[in-house]
file work-v1.cif (mmCIF, C-alpha atoms)
data_model
loop_
_atom_site.label_atom_id
_atom_site.label_comp_id
_atom_site.auth_asym_id
_atom_site.auth_seq_id
_atom_site.Cartn_x
_atom_site.Cartn_y
_atom_site.Cartn_z
CA MET F 238 103.60 41.01 86.83
CA GLU F 239 100.59 43.19 87.45
CA VAL F 240 97.88 41.54 89.53
CA SER F 241 94.39 41.95 88.10
CA ALA F 242 91.61 43.60 90.07
CA GLU F 243 89.77 40.28 90.11
CA ALA F 244 92.79 38.52 91.60
CA LYS F 245 93.11 41.18 94.26
CA ILE F 246 89.45 40.85 95.12
CA GLU F 247 89.76 37.06 95.28
CA GLU F 248 92.82 37.37 97.50
CA LEU F 249 91.05 39.75 99.85
CA PHE F 250 87.55 38.38 99.94
CA GLY F 251 87.59 35.10 98.10
CA ALA F 252 86.61 31.69 99.34
CA ARG F 253 88.41 30.77 102.50
CA LEU F 254 87.58 27.76 104.60
CA ALA F 255 84.66 28.17 106.97
CA THR F 256 83.26 24.89 108.20
CA GLU F 257 81.83 23.20 111.23
CA VAL F 258 83.00 19.74 112.28
CA PRO F 259 80.46 17.92 114.48
CA GLU F 260 81.20 15.74 117.51
CA VAL F 261 84.78 16.83 118.08
CA VAL F 262 84.26 16.28 121.80
CA GLY F 263 81.62 14.17 123.48
CA ARG F 264 79.30 15.33 126.24
CA ALA F 265 81.34 13.71 129.04
CA LEU F 266 84.66 15.19 127.91
CA ALA F 267 83.07 18.60 127.38
CA ALA F 268 81.70 18.47 130.92
CA GLU F 269 85.16 17.56 132.30
CA ILE F 270 86.78 20.43 130.42
CA ARG F 271 84.10 22.88 131.56
CA GLU F 272 84.67 21.76 135.13
CA ARG F 273 88.44 22.31 134.92
CA ILE F 274 87.97 25.70 133.31
CA ALA F 275 85.45 26.74 135.95
CA ARG F 276 87.84 25.68 138.71
CA ALA F 277 90.51 27.95 137.21
CA GLY F 278 87.99 30.78 137.44
CA TYR F 279 86.23 33.31 135.24
CA THR F 280 86.50 37.08 135.17
CA ARG F 281 83.55 39.24 134.18
CA TYR F 282 84.00 41.46 131.13
CA ALA F 283 81.52 44.32 131.23
CA LEU F 284 82.39 47.20 128.97
CA TYR F 285 78.90 47.13 127.58
CA ASP F 286 79.63 48.98 124.37
CA ARG F 287 81.74 45.97 123.42
CA GLY F 288 80.54 42.94 125.27
CA SER F 289 79.11 41.30 128.33
CA TYR F 290 80.51 37.87 129.15
CA ASP F 291 82.86 35.87 131.36
CA VAL F 292 86.40 35.18 130.24
CA GLY F 293 88.21 32.14 131.59
CA ALA F 294 91.84 31.79 132.55
CA PRO F 295 94.08 30.72 129.64
CA PRO F 296 93.10 27.08 129.15
CA ASP F 297 95.66 24.61 130.45
CA GLU F 298 94.53 21.90 128.07
CA PRO F 299 97.57 20.87 125.99
CA ALA F 300 96.06 17.62 124.70
CA LEU F 301 92.85 19.33 123.61
CA LEU F 302 94.71 22.20 121.92
CA ALA F 303 96.98 19.72 120.11
CA ALA F 304 93.90 17.85 118.91
CA LEU F 305 92.33 21.07 117.65
CA ALA F 306 95.56 21.95 115.82
CA ALA F 307 95.56 18.52 114.18
CA LEU F 308 91.93 18.93 113.17
CA ALA F 309 92.54 22.40 111.71
CA THR F 310 95.62 21.11 109.87
CA LYS F 311 93.57 18.28 108.35
CA GLU F 312 90.70 20.56 107.34
CA THR F 313 92.80 23.35 105.87
CA GLY F 314 95.74 21.41 104.48
CA ARG F 315 98.04 23.87 106.28
CA GLU F 316 100.51 23.01 109.04
CA LEU F 317 99.03 24.87 112.00
CA HIS F 318 99.76 25.35 115.65
CA VAL F 319 97.93 27.19 118.40
CA VAL F 320 99.29 30.64 119.19
CA GLU F 321 96.48 31.88 121.39
CA ALA F 322 93.52 30.35 123.19
CA ARG F 323 90.81 31.69 125.45
CA VAL F 324 87.55 30.55 126.94
CA LEU F 325 84.34 32.57 126.86
CA ARG F 326 81.20 31.95 128.86
CA LEU F 327 77.95 33.65 128.00
CA ARG F 328 74.71 33.58 129.93
CA ALA F 329 71.30 35.08 129.23
CA GLY F 330 71.73 38.74 128.25
CA ASP F 331 75.40 38.33 127.22
CA TYR F 332 77.02 39.12 123.87
CA LEU F 333 80.28 40.07 122.12
CA LEU F 334 79.93 42.72 119.44
CA ALA F 335 81.84 42.63 116.17
CA HIS F 336 83.76 45.82 116.91
CA HIS F 337 85.10 44.14 120.07
CA ASP F 338 86.78 41.55 117.87
CA VAL F 339 90.45 41.88 116.99
CA LEU F 340 90.99 42.12 113.25
CA ARG F 341 93.71 39.73 112.15
CA THR F 342 96.40 40.32 109.60
CA GLY F 343 97.67 37.47 107.50
CA SER F 344 95.47 34.40 107.27
CA PRO F 345 95.27 32.82 110.72
CA VAL F 346 92.75 30.10 111.42
CA GLU F 347 90.27 30.38 114.25
CA VAL F 348 88.82 27.26 115.85
CA THR F 349 85.79 27.68 118.10
CA LEU F 350 85.00 24.58 120.11
CA GLU F 351 81.48 24.51 121.52
CA LEU F 352 81.75 23.16 125.07
CA SER F 353 78.24 24.20 126.07
CA PRO F 354 76.15 21.58 127.85
CA ARG F 355 73.27 22.21 125.46
CA GLY F 356 72.43 24.35 122.46
CA VAL F 357 70.64 27.64 122.98
CA PRO F 358 68.44 28.86 120.12
CA GLY F 359 69.91 31.94 118.47
CA ALA F 360 73.14 31.86 120.46
CA GLU F 361 75.59 31.71 117.59
CA VAL F 362 79.00 32.86 116.45
CA HIS F 363 78.83 35.00 113.34
CA TYR F 364 81.77 35.59 111.04
CA ARG F 365 81.38 38.70 108.96
CA ARG F 366 83.12 40.04 105.92
CA ARG F 367 82.64 43.78 105.57
CA GLY F 368 79.81 43.54 108.06
CA GLN F 369 77.87 40.82 106.25
CA VAL F 370 77.53 37.41 107.89
CA PHE F 371 79.12 34.72 105.72
CA PHE F 372 79.28 31.93 108.29
CA ALA F 373 77.23 31.15 111.39
CA CYS F 374 78.03 28.42 113.90
CA GLY F 375 77.92 27.68 117.58
CA ALA F 376 74.56 26.09 118.10
CA THR F 377 75.79 22.50 118.31
CA PRO F 378 77.48 21.24 121.50
CA GLY F 379 80.69 19.34 120.82
CA ALA F 380 81.19 20.85 117.36
CA ALA F 381 84.19 22.88 116.26
CA ALA F 382 83.99 25.73 113.77
CA ILE F 383 87.11 26.26 111.69
CA VAL F 384 87.41 29.58 109.91
CA GLU F 385 90.29 30.99 107.92
CA ARG F 386 90.36 34.62 108.84
CA GLY F 387 91.73 37.59 106.97
CA PRO F 388 91.96 41.33 107.38
CA SER F 389 88.34 41.89 106.34
CA VAL F 390 86.84 39.21 108.63
CA SER F 391 85.31 40.04 112.00
CA CYS F 392 83.43 37.90 114.46
CA ASN F 393 80.67 38.39 116.99
CA HIS F 394 78.91 36.17 119.48
CA THR F 395 75.21 36.90 119.25
CA TYR F 396 73.05 38.14 122.09
CA VAL F 397 71.78 35.33 124.33
CA SER F 398 68.08 35.88 124.83
CA GLN F 399 66.57 36.29 128.29
CA GLN F 400 64.03 33.76 127.06
CA HIS F 401 66.65 31.19 128.06
CA PRO F 402 67.41 32.17 131.66
CA ASP F 403 69.44 29.01 132.31
CA ALA F 404 71.60 29.36 129.21
CA GLU F 405 75.28 28.57 129.64
CA ILE F 406 77.41 28.96 126.54
CA VAL F 407 81.04 27.90 126.93
CA ARG F 408 83.36 28.29 123.94
CA LEU F 409 87.05 27.65 123.62
CA VAL F 410 88.44 29.91 120.91
CA ALA F 411 91.90 29.09 119.55
CA LEU F 412 93.91 31.04 117.02
CA LEU F 413 96.29 29.04 114.86
CA THR F 414 98.99 29.98 112.41
CA GLU F 415 101.70 28.24 110.44
CA PRO F 416 105.09 28.04 112.20
CA LYS F 417 107.47 30.81 111.18
CA MET U 765 49.45 67.48 117.57
CA TRP U 766 52.69 67.54 119.64
CA GLN U 767 52.62 69.26 123.00
CA LEU U 768 55.64 70.15 125.14
CA PRO U 769 55.06 71.55 128.63
CA ALA U 770 54.63 75.33 128.49
CA ASP U 771 57.35 76.04 131.06
CA GLU U 772 60.58 75.48 129.14
CA ALA U 773 62.65 76.60 132.13
CA VAL U 774 61.59 73.48 134.02
CA LEU U 775 62.71 71.27 131.15
CA THR U 776 65.96 73.20 130.83
CA ARG U 777 66.75 72.61 134.49
CA ALA U 778 65.80 68.94 134.16
CA TRP U 779 68.04 68.59 131.09
CA ARG U 780 71.03 70.12 132.82
CA ALA U 781 70.58 68.15 136.04
CA ALA U 782 69.91 64.79 134.41
CA LEU U 783 72.28 61.90 135.01
CA PRO U 784 74.14 59.96 133.73
CA PHE U 785 73.98 62.39 130.78
CA PRO U 786 71.54 65.13 129.75
CA HIS U 787 68.00 63.98 128.99
CA VAL U 788 64.37 64.89 129.57
CA VAL U 789 61.26 62.74 129.90
CA ILE U 790 58.00 64.31 128.75
CA GLU U 791 54.63 62.68 129.47
CA ASP U 792 51.41 63.10 127.46
CA PHE U 793 53.40 64.36 124.51
CA MET U 794 50.75 63.84 121.84
CA ALA U 795 47.15 64.95 121.88
CA PRO U 796 45.07 61.77 122.23
CA ALA U 797 42.81 62.85 119.38
CA ALA U 798 45.79 62.83 117.00
CA LEU U 799 46.96 59.31 117.80
CA PRO U 800 44.55 57.31 115.59
CA ALA U 801 45.65 59.19 112.47
CA LEU U 802 49.33 58.63 113.31
CA LEU U 803 48.78 54.92 113.90
CA GLU U 804 46.97 54.68 110.58
CA ILE U 805 49.94 56.28 108.81
CA LEU U 806 52.33 53.81 110.46
CA ASP U 807 50.08 50.90 109.58
CA GLU U 808 50.12 51.99 105.96
CA GLU U 809 53.92 52.40 106.01
CA GLY U 810 54.62 48.90 107.31
CA VAL U 811 57.70 47.51 109.05
CA GLU U 812 60.32 44.96 108.10
CA PRO U 813 62.74 42.91 110.22
CA TYR U 814 66.24 44.24 110.81
CA ALA U 815 69.00 42.31 112.59
CA GLY U 816 72.69 42.83 113.25
CA ASP U 817 75.17 42.07 116.00
CA LEU U 818 73.78 45.07 117.90
CA PHE U 819 70.05 44.74 117.33
CA ALA U 820 66.98 42.80 116.32
CA PHE U 821 63.72 44.65 115.68
CA ASP U 822 61.09 45.47 113.09
CA ALA U 823 61.19 48.99 111.66
CA THR U 824 60.07 51.17 108.83
CA ALA U 825 62.60 51.81 106.08
CA PRO U 826 65.29 54.43 106.80
CA GLU U 827 63.59 56.71 104.27
CA PRO U 828 59.77 56.73 104.59
CA LYS U 829 57.91 55.13 101.69
CA THR U 830 54.79 57.23 102.06
CA ALA U 831 54.30 60.97 101.76
CA GLU U 832 52.27 60.83 104.97
CA LEU U 833 55.16 59.57 107.11
CA ARG U 834 57.52 62.05 105.45
CA ALA U 835 55.04 64.76 106.47
CA VAL U 836 54.98 63.45 110.05
CA ARG U 837 58.77 63.57 110.10
CA ALA U 838 58.84 67.14 108.80
CA ALA U 839 56.13 68.29 111.22
CA PHE U 840 57.86 66.63 114.16
CA GLY U 841 61.13 68.34 113.37
CA ALA U 842 59.51 71.70 112.73
CA ALA U 843 57.49 71.60 115.94
CA LEU U 844 60.35 70.55 118.23
CA ALA U 845 63.53 72.02 116.76
CA GLY U 846 62.97 75.45 118.29
CA PRO U 847 61.93 74.39 121.78
CA LEU U 848 64.60 71.68 122.00
CA SER U 849 67.30 74.10 120.85
CA ARG U 850 66.34 76.41 123.70
CA ILE U 851 65.90 73.65 126.29
CA THR U 852 69.14 71.84 125.53
CA GLY U 853 71.26 74.79 124.43
CA LYS U 854 72.13 72.80 121.33
CA PRO U 855 70.86 74.30 118.08
CA VAL U 856 68.96 71.74 116.02
CA ALA U 857 67.15 72.27 112.74
CA ARG U 858 65.59 69.03 111.55
CA ALA U 859 64.68 65.54 112.66
CA ASP U 860 64.94 62.09 111.20
CA LEU U 861 62.68 59.32 112.43
CA ARG U 862 61.57 55.77 111.85
CA ALA U 863 58.85 53.71 113.47
CA TYR U 864 59.95 50.65 115.43
CA ALA U 865 58.11 47.56 116.59
CA TYR U 866 60.02 45.56 119.17
CA ARG U 867 58.39 42.19 119.65
CA VAL U 868 59.29 39.42 122.09
CA GLY U 869 63.03 38.75 121.91
CA HIS U 870 63.88 42.05 120.20
CA TYR U 871 66.59 44.33 121.61
CA LEU U 872 69.08 47.07 120.86
CA LEU U 873 72.37 46.58 122.69
CA PRO U 874 74.43 49.40 124.25
CA HIS U 875 75.70 52.06 121.87
CA THR U 876 76.07 55.85 121.87
CA ASP U 877 74.48 56.97 118.55
CA HIS U 878 77.53 59.19 118.14
CA GLN U 879 79.31 58.77 114.81
CA ASP U 880 81.78 61.21 113.37
CA GLY U 881 80.38 62.94 110.32
CA LEU U 882 76.72 62.16 111.02
CA ALA U 883 76.07 65.34 113.05
CA ARG U 884 73.48 63.76 115.30
CA VAL U 885 72.91 66.21 118.13
CA LEU U 886 69.93 64.84 120.08
CA ALA U 887 68.28 61.44 120.10
CA PHE U 888 64.65 60.78 120.92
CA ALA U 889 62.15 58.00 121.42
CA TYR U 890 58.41 58.50 121.54
CA TYR U 891 56.43 55.50 122.79
CA LEU U 892 53.12 54.71 121.16
CA PRO U 893 50.20 52.92 122.76
CA THR U 894 49.85 49.26 121.86
CA PRO U 895 47.05 46.77 122.52
CA GLU U 896 49.53 44.74 124.54
CA PRO U 897 52.00 47.04 126.39
CA PRO U 898 55.55 45.72 126.47
CA ARG U 899 57.20 43.86 129.30
CA GLY U 900 60.83 44.87 129.08
CA GLY U 901 61.89 47.18 126.26
CA GLU U 902 63.02 49.85 128.71
CA LEU U 903 65.55 52.49 127.71
CA GLU U 904 68.62 51.98 129.89
CA LEU U 905 71.23 54.72 130.27
CA TYR U 906 74.81 53.99 131.33
CA ARG U 907 77.40 55.98 133.21
CA CYS U 908 80.71 55.77 131.35
CA THR U 909 84.08 56.28 132.98
CA VAL U 910 86.65 57.43 130.45
CA GLY U 911 90.42 56.98 130.72
CA ALA U 912 93.13 59.38 129.68
CA ASP U 913 93.21 57.89 126.20
CA GLY U 914 89.48 58.51 125.73
CA ALA U 915 88.55 54.83 125.98
CA TYR U 916 85.98 53.57 128.44
CA THR U 917 87.36 52.04 131.60
CA ALA U 918 83.95 51.26 133.10
CA THR U 919 80.31 51.27 132.04
CA ASP U 920 77.58 51.00 134.66
CA SER U 921 73.82 50.96 134.41
CA ALA U 922 72.56 54.26 135.82
CA LEU U 923 68.92 54.74 134.85
CA VAL U 924 66.07 52.69 133.42
CA ILE U 925 63.20 54.50 131.69
CA GLU U 926 60.02 52.56 131.07
CA ALA U 927 58.61 52.59 127.52
CA ARG U 928 55.30 54.08 128.64
CA ALA U 929 52.71 55.08 126.03
CA ASN U 930 52.66 58.76 125.01
CA ARG U 931 56.02 59.40 126.66
CA LEU U 932 58.79 61.25 124.84
CA VAL U 933 62.41 60.85 125.89
CA VAL U 934 65.03 63.19 124.45
CA PHE U 935 68.69 62.66 125.25
CA ASP U 936 72.08 64.00 124.37
CA VAL U 937 74.23 62.40 121.70
CA SER U 938 77.89 62.30 122.62
CA ASP U 939 80.68 59.76 122.94
CA VAL U 940 79.44 58.93 126.46
CA SER U 941 75.70 58.73 125.74
CA LEU U 942 75.73 54.95 126.10
CA HIS U 943 72.23 53.46 126.14
CA GLN U 944 70.31 50.35 125.16
CA VAL U 945 66.79 49.08 124.63
CA ARG U 946 66.38 46.09 126.92
CA GLU U 947 65.03 42.91 125.44
CA VAL U 948 61.25 42.80 125.15
CA ARG U 949 59.91 39.86 127.17
CA GLY U 950 56.22 40.25 126.33
CA GLY U 951 53.79 42.43 124.42
CA VAL U 952 54.90 44.86 121.74
CA ARG U 953 56.91 48.05 122.09
CA LEU U 954 55.97 50.59 119.43
CA SER U 955 57.89 53.81 119.04
CA LEU U 956 59.00 56.62 116.82
CA ALA U 957 62.69 57.22 117.28
CA GLY U 958 65.53 59.05 115.61
CA TRP U 959 67.74 62.07 115.89
CA PHE U 960 67.79 65.83 115.63
CA TYR U 961 70.52 67.37 113.52
CA ALA U 962 72.16 70.78 113.57
#
call {"tool": "encode", "arguments": {"input": "work-v1.cif", "output": "structure tokens"}}
result
Amino acid sequence: MEVSAEAKIEELFGARLATEVPEVVGRALAAEIRERIARAGYTRYALYDRGSYDVGAPPDEPALLAALAALATKETGRELHVVEARVLRLRAGDYLLAHHDVLRTGSPVEVTLELSPRGVPGAEVHYRRRGQVFFACGATPGAAAIVERGPSVSCNHTYVSQQHPDAEIVRLVALLTEPK
Amino acid sequence: MWQLPADEAVLTRAWRAALPFPHVVIEDFMAPAALPALLEILDEEGVEPYAGDLFAFDATAPEPKTAELRAVRAAFGAALAGPLSRITGKPVARADLRAYAYRVGHYLLPHTDHQDGLARVLAFAYYLPTPEPPRGGELELYRCTVGADGAYTATDSALVIEARANRLVVFDVSDVSLHQVREVRGGVRLSLAGWFYA
């Protein structure tokens, strides 16, 4: 059967889940997780044409990752498990550009858990389709953004203004897929 | 209206010696008597906000709305194409430009300006006087270390050029001409900026 142009467009660019769930972790738990991650250490990423930020060691947080997988499964209706997770820390002057992002084939789900101690105005995560922002999140501590990605979706973490010299943005980013 | 130093040999030597990549900085570029008319043209043209993952600033439209700004663009290109071709050793024929207003919190993150197919040869920024000169908003040039596969293996800040009124900066466009406009922390940074093309 021949697939119509409209169906192809829907398949490529159509509505996929992009939502933010508030209060996934409380302040105290977020602080504990940040502390453990900091103890494991950060490495500076500074290829400035792509990004400027700290990247944490792979998070050894099995209970948290299992909880995020359960949340993503509930929100998407798909059976999901974590295949990749990383922690990013941004301070004033930091950013991750969209062309630094890895484009994903298939339809994996990305969960971004905001572990920051406090929100920083303008410090957001932007999901883009063909360059245009279709979903912005990241300003609310404790919230988790859940986004079904596709081959046309890229992501950037916006520039953190020097107007907030004490800014500390900590985000756990997990990629989830269905078991093969 | 536009005035380059008479001794092109000095600029040529400066261009060739400049690090981290070829550039020249020219002071007192515009005759003071010509500035009010230029500012009036820019005021008439107007700016709008632009934002992306790489930048946040106010600017005129990519194609000027008024005949006056189109004339400025043509005159700028005509006046500088010859001298800059000789100074840089890179033949250029025309210029494109927009006016930019960077206000507090505005920035342009590191990038090279180089894009296949666009034929940008030289980039420039000319800083205009403002009632409240900017704090921040400097042009920062980076030294790029390139691996065998052509990808960057390191990028390091190498030079910071203040956005001083009536200063023209011209720099090379290549795949290592990494530069940024630092975030403006106070005042307003007004400029004309764009590229020269072959």
call {"tool": "resolve_selection", "arguments": {"input": "work-v1.cif", "expression": "the PyMOL selection byres ((chain U) within 10 of (chain F))", "output": "list in words"}}
result
Gly816, Asp817, Leu818, Phe819, Ala820, Val868, Gly869, His870, Tyr871, Leu872, Leu873, Pro874, His875, Thr876, Tyr906, Cys908, Tyr916, Thr917, Ala918, Thr919, Asp920, Ser921, Leu942, His943, Gln944, Arg946, Glu947, Val948 and Arg949 of chain U
call {"tool": "resolve_selection", "arguments": {"input": "work-v1.cif", "expression": "the PyMOL selection byres ((chain F and resi 386) around 7)", "output": "ChimeraX atom specification"}}
result
/F:341,344-347,384-385,387,390
call {"tool": "resolve_selection", "arguments": {"input": "work-v1.cif", "expression": "the PyMOL selection byres ((chain F and resi 406) around 12)", "output": "PyMOL selection string"}}
result
chain F and resi 267+271+290-292+324-332+349-362+375-379+394-398+401-405+407-409
call {"tool": "atom_distance", "arguments": {"input": "work-v1.cif", "atom1": "atom CA of F:Glu312", "atom2": "atom CA of F:Ala265"}}
result
24.6 Å
call {"tool": "residues_around", "arguments": {"input": "work-v1.cif", "residues": "F:Ala309", "least_positions_apart": "5", "cutoff": "12 Å", "atoms": "only C-alpha atoms", "output": "mmCIF file with C-alpha atoms, keeping the file's coordinate frame"}}
result
data_model
loop_
_atom_site.group_PDB
_atom_site.id
_atom_site.type_symbol
_atom_site.label_atom_id
_atom_site.label_comp_id
_atom_site.auth_asym_id
_atom_site.auth_seq_id
_atom_site.Cartn_x
_atom_site.Cartn_y
_atom_site.Cartn_z
ATOM 1 C CA LEU F 254 87.580 27.760 104.600
ATOM 2 C CA ALA F 255 84.660 28.170 106.970
ATOM 3 C CA THR F 256 83.260 24.890 108.200
ATOM 4 C CA GLU F 257 81.830 23.200 111.230
ATOM 5 C CA VAL F 258 83.000 19.740 112.280
ATOM 6 C CA VAL F 261 84.780 16.830 118.080
ATOM 7 C CA LEU F 302 94.710 22.200 121.920
ATOM 8 C CA ALA F 303 96.980 19.720 120.110
ATOM 9 C CA ALA F 304 93.900 17.850 118.910
ATOM 10 C CA GLY F 314 95.740 21.410 104.480
ATOM 11 C CA ARG F 315 98.040 23.870 106.280
ATOM 12 C CA GLU F 316 100.510 23.010 109.040
ATOM 13 C CA LEU F 317 99.030 24.870 112.000
ATOM 14 C CA HIS F 318 99.760 25.350 115.650
ATOM 15 C CA VAL F 319 97.930 27.190 118.400
ATOM 16 C CA PRO F 345 95.270 32.820 110.720
ATOM 17 C CA VAL F 346 92.750 30.100 111.420
ATOM 18 C CA GLU F 347 90.270 30.380 114.250
ATOM 19 C CA VAL F 348 88.820 27.260 115.850
ATOM 20 C CA THR F 349 85.790 27.680 118.100
ATOM 21 C CA LEU F 350 85.000 24.580 120.110
ATOM 22 C CA ALA F 381 84.190 22.880 116.260
ATOM 23 C CA ALA F 382 83.990 25.730 113.770
ATOM 24 C CA ILE F 383 87.110 26.260 111.690
ATOM 25 C CA VAL F 384 87.410 29.580 109.910
ATOM 26 C CA GLU F 385 90.290 30.990 107.920
ATOM 27 C CA ALA F 411 91.900 29.090 119.550
ATOM 28 C CA LEU F 412 93.910 31.040 117.020
ATOM 29 C CA LEU F 413 96.290 29.040 114.860
ATOM 30 C CA THR F 414 98.990 29.980 112.410
ATOM 31 C CA GLU F 415 101.700 28.240 110.440
#
call {"tool": "atom_distance", "arguments": {"input": "work-v1.cif", "atom1": "atom CA of F:Glu321", "atom2": "atom CA of F:Gly343"}}
result
15.0 Å
call {"tool": "atom_distance", "arguments": {"input": "work-v1.cif", "atom1": "atom CA of U:Leu954", "atom2": "atom CA of U:Ala782"}}
result
24.9 Å
call {"tool": "closest_residue", "arguments": {"input": "work-v1.cif", "among": "U:Ile925, U:Leu799, U:Pro784, U:Val836", "to": "U:Ser938", "atoms": "all atoms listed in the file"}}
result
U:Pro784
call {"tool": "axis_aligned_box", "arguments": {"input": "work-v1.cif", "around": "stretch 806-818 of chain U", "padding_each_side": "4 Å", "output": "lines of an AutoDock Vina configuration file"}}
result
center_x = 62.6
center_y = 47.9
center_z = 111.9
size_x = 33.1
size_y = 19.7
size_z = 19.9
call {"tool": "residues_around", "arguments": {"input": "work-v1.cif", "residues": "U:Ala883", "least_positions_apart": "3", "cutoff": "9 Å", "atoms": "only C-alpha atoms", "output": "list in words"}}
result
His878, Gln879, Asp880, Phe960, Tyr961 and Ala962 of chain U
